[in-house]
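Below is structure.cif, holding mmCIF, C-alpha atoms, pLDDT in the B column; chains and numbers go by the auth columns.
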```
data_my_file
#
loop_
_atom_site.group_PDB
_atom_site.id
_atom_site.type_symbol
_atom_site.label_atom_id
_atom_site.label_comp_id
_atom_site.label_asym_id
_atom_site.label_seq_id
_atom_site.Cartn_x
_atom_site.Cartn_y
_atom_site.Cartn_z
_atom_site.B_iso_or_equiv
_atom_site.auth_seq_id
_atom_site.auth_asym_id
ATOM 1 C CA MET A 1 -35.686 -4.914 -1.033 50.00 1 D
ATOM 2 C CA PRO A 2 -33.242 -4.340 -3.945 54.00 2 D
ATOM 3 C CA ARG A 3 -29.688 -5.563 -3.531 60.00 3 D
ATOM 4 C CA PHE A 4 -26.893 -3.103 -4.094 61.00 4 D
ATOM 5 C CA THR A 5 -23.911 -4.637 -5.828 72.00 5 D
ATOM 6 C CA MET A 6 -20.694 -2.750 -6.241 71.00 6 D
ATOM 7 C CA SER A 7 -18.627 -2.911 -9.413 79.00 7 D
ATOM 8 C CA ARG A 8 -14.947 -3.855 -9.146 72.00 8 D
ATOM 9 C CA LYS A 9 -13.997 -0.265 -9.952 73.00 9 D
ATOM 10 C CA GLU A 10 -16.244 1.047 -7.165 77.00 10 D
ATOM 11 C CA ALA A 11 -14.894 -1.550 -4.717 75.00 11 D
ATOM 12 C CA LEU A 12 -11.294 -0.629 -5.557 72.00 12 D
ATOM 13 C CA SER A 13 -12.052 3.065 -5.196 75.00 13 D
ATOM 14 C CA GLN A 14 -13.669 2.444 -1.809 78.00 14 D
ATOM 15 C CA PHE A 15 -10.662 0.371 -0.659 77.00 15 D
ATOM 16 C CA ILE A 16 -8.229 3.105 -1.710 77.00 16 D
ATOM 17 C CA ASN A 17 -10.268 5.746 0.118 79.00 17 D
ATOM 18 C CA GLN A 18 -10.328 3.586 3.270 81.00 18 D
ATOM 19 C CA ILE A 19 -6.547 3.036 3.376 83.00 19 D
ATOM 20 C CA HIS A 20 -5.445 6.569 2.403 88.00 20 D
ATOM 21 C CA GLY A 21 -3.481 8.025 5.316 90.00 21 D
ATOM 22 C CA ARG A 22 -3.210 4.646 7.047 94.00 22 D
ATOM 23 C CA PRO A 23 -0.258 2.278 7.529 95.00 23 D
ATOM 24 C CA VAL A 24 0.222 -0.147 4.632 95.00 24 D
ATOM 25 C CA VAL A 25 2.628 -2.842 3.457 96.00 25 D
ATOM 26 C CA VAL A 26 3.707 -2.742 -0.179 95.00 26 D
ATOM 27 C CA LYS A 27 5.271 -5.990 -1.417 96.00 27 D
ATOM 28 C CA LEU A 28 7.417 -5.715 -4.540 97.00 28 D
ATOM 29 C CA ASN A 29 7.974 -8.358 -7.194 96.00 29 D
ATOM 30 C CA SER A 30 11.561 -8.630 -5.875 95.00 30 D
ATOM 31 C CA GLY A 31 10.274 -9.737 -2.456 95.00 31 D
ATOM 32 C CA VAL A 32 11.211 -6.484 -0.683 97.00 32 D
ATOM 33 C CA ASP A 33 8.551 -4.966 1.617 96.00 33 D
ATOM 34 C CA TYR A 34 7.987 -1.269 2.169 97.00 34 D
ATOM 35 C CA ARG A 35 5.940 -0.235 5.181 96.00 35 D
ATOM 36 C CA GLY A 36 4.656 3.261 5.668 96.00 36 D
ATOM 37 C CA VAL A 37 1.691 5.592 5.613 96.00 37 D
ATOM 38 C CA LEU A 38 -0.104 5.737 2.274 95.00 38 D
ATOM 39 C CA ALA A 39 0.091 9.294 0.946 95.00 39 D
ATOM 40 C CA CYS A 40 -1.017 8.700 -2.647 91.00 40 D
ATOM 41 C CA LEU A 41 -1.990 5.886 -5.006 88.00 41 D
ATOM 42 C CA ASP A 42 -2.850 6.341 -8.672 85.00 42 D
ATOM 43 C CA GLY A 43 -4.480 4.193 -11.337 80.00 43 D
ATOM 44 C CA TYR A 44 -1.109 2.743 -12.382 85.00 44 D
ATOM 45 C CA MET A 45 -0.431 1.555 -8.793 85.00 45 D
ATOM 46 C CA ASN A 46 2.289 4.191 -8.380 93.00 46 D
ATOM 47 C CA ILE A 47 2.500 4.661 -4.636 94.00 47 D
ATOM 48 C CA ALA A 48 3.773 7.470 -2.422 96.00 48 D
ATOM 49 C CA LEU A 49 4.497 6.583 1.207 97.00 49 D
ATOM 50 C CA ASP A 50 5.405 8.675 4.248 97.00 50 D
ATOM 51 C CA GLN A 51 7.464 7.341 7.186 96.00 51 D
ATOM 52 C CA THR A 52 8.733 4.529 4.974 97.00 52 D
ATOM 53 C CA GLU A 53 10.721 1.527 6.174 97.00 53 D
ATOM 54 C CA GLU A 54 12.368 -1.008 3.862 97.00 54 D
ATOM 55 C CA TYR A 55 12.417 -4.678 4.887 97.00 55 D
ATOM 56 C CA VAL A 56 14.480 -7.364 3.164 96.00 56 D
ATOM 57 C CA ASN A 57 13.874 -10.958 4.282 94.00 57 D
ATOM 58 C CA GLY A 58 11.886 -9.585 7.215 92.00 58 D
ATOM 59 C CA GLN A 59 14.801 -7.468 8.458 96.00 59 D
ATOM 60 C CA LEU A 60 14.669 -3.662 8.624 97.00 60 D
ATOM 61 C CA LYS A 61 17.285 -2.327 6.179 97.00 61 D
ATOM 62 C CA ASN A 62 16.521 1.386 5.732 96.00 62 D
ATOM 63 C CA LYS A 63 14.222 4.161 6.893 97.00 63 D
ATOM 64 C CA TYR A 64 13.090 6.874 4.511 94.00 64 D
ATOM 65 C CA GLY A 65 10.977 9.938 5.118 90.00 65 D
ATOM 66 C CA ASP A 66 9.071 9.847 1.840 95.00 66 D
ATOM 67 C CA ALA A 67 9.244 7.190 -0.854 96.00 67 D
ATOM 68 C CA PHE A 68 7.783 6.749 -4.330 96.00 68 D
ATOM 69 C CA ILE A 69 7.265 3.225 -5.664 96.00 69 D
ATOM 70 C CA ARG A 70 6.639 2.691 -9.350 96.00 70 D
ATOM 71 C CA GLY A 71 3.501 0.667 -9.934 93.00 71 D
ATOM 72 C CA ASN A 72 4.959 -1.961 -12.248 94.00 72 D
ATOM 73 C CA ASN A 73 7.145 -3.191 -9.351 94.00 73 D
ATOM 74 C CA VAL A 74 4.198 -3.751 -6.987 94.00 74 D
ATOM 75 C CA LEU A 75 3.030 -7.287 -6.273 94.00 75 D
ATOM 76 C CA TYR A 76 0.397 -6.207 -3.719 92.00 76 D
ATOM 77 C CA ILE A 77 -0.575 -3.579 -1.191 91.00 77 D
ATOM 78 C CA SER A 78 -2.261 -4.414 2.101 91.00 78 D
ATOM 79 C CA THR A 79 -3.265 -2.661 5.284 89.00 79 D
ATOM 80 C CA GLN A 80 -0.964 -2.869 8.259 77.00 80 D
ATOM 81 C CA LYS A 81 -1.989 -2.833 11.889 68.00 81 D
ATOM 82 C CA ARG A 82 -0.957 0.348 13.638 54.00 82 D
ATOM 83 C CA ARG A 83 2.241 0.159 15.629 53.00 83 D
ATOM 84 C CA VAL A 84 1.885 0.402 19.382 41.00 84 D
#
```
Starting from the file, lay out its structure as structure tokens.
Amino acid sequence: MPRFTMSRKEALSQFINQIHGRPVVVKLNSGVDYRGVLACLDGYMNIALDQTEEYVNGQLKNKYGDAFIRGNNVLYISTQKRRV
């Protein structure tokens, strides 16, 4: 049986499709976290979030409806468990 291997580009595309519309955490180079629902992500890692919350040192600082984060500030993006 042939093995199917996915390229990095295909794997990234699949990951983005899986997290679109789901809660995510975006960590910036400055150490600030933004948590919200992923609305859009482009090839430059520019990110649009809905229901955005800003956390500094683990403490909630601000709540925003929509937020746009420029990709060159992003350290990583990860999925977040849904709030209960």
inquiry  = Can you measure atom CA of D:Gly21 to atom CA of D:Met6 for me? One decimal in Å is fine.
reply    = 23.4 Å
task = Please write the residues picked by the PyMOL selection byres ((chain D and resi 39) around 8) on this file as a ChimeraX atom specification.
result = /D:20-21,37-38,40-41,47-50
request  = Please measure the separation of atom CA of D:Phe68 and atom CA of D:Asn17, giving the value in Å to one decimal.
outcome  =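 Atom-to-atom, atom CA of D:Phe68 and atom CA of D:Asn17 are spaced 18.6 Å apart.
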key: Between atom CA of D:Glu10 and atom CA of D:Gly36 - distance in Å to one decimal   =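 Rounded to one decimal, the two atoms are 24.6 Å apart.
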ask   = So which residues touch D:Gly71 within 8 Å, counting only C-alpha atoms, skipping near sequence neighbours fewer than 6 positions away, as a list in words?
value = Tyr44, Met45, Asn46 and Ile47 of chain D
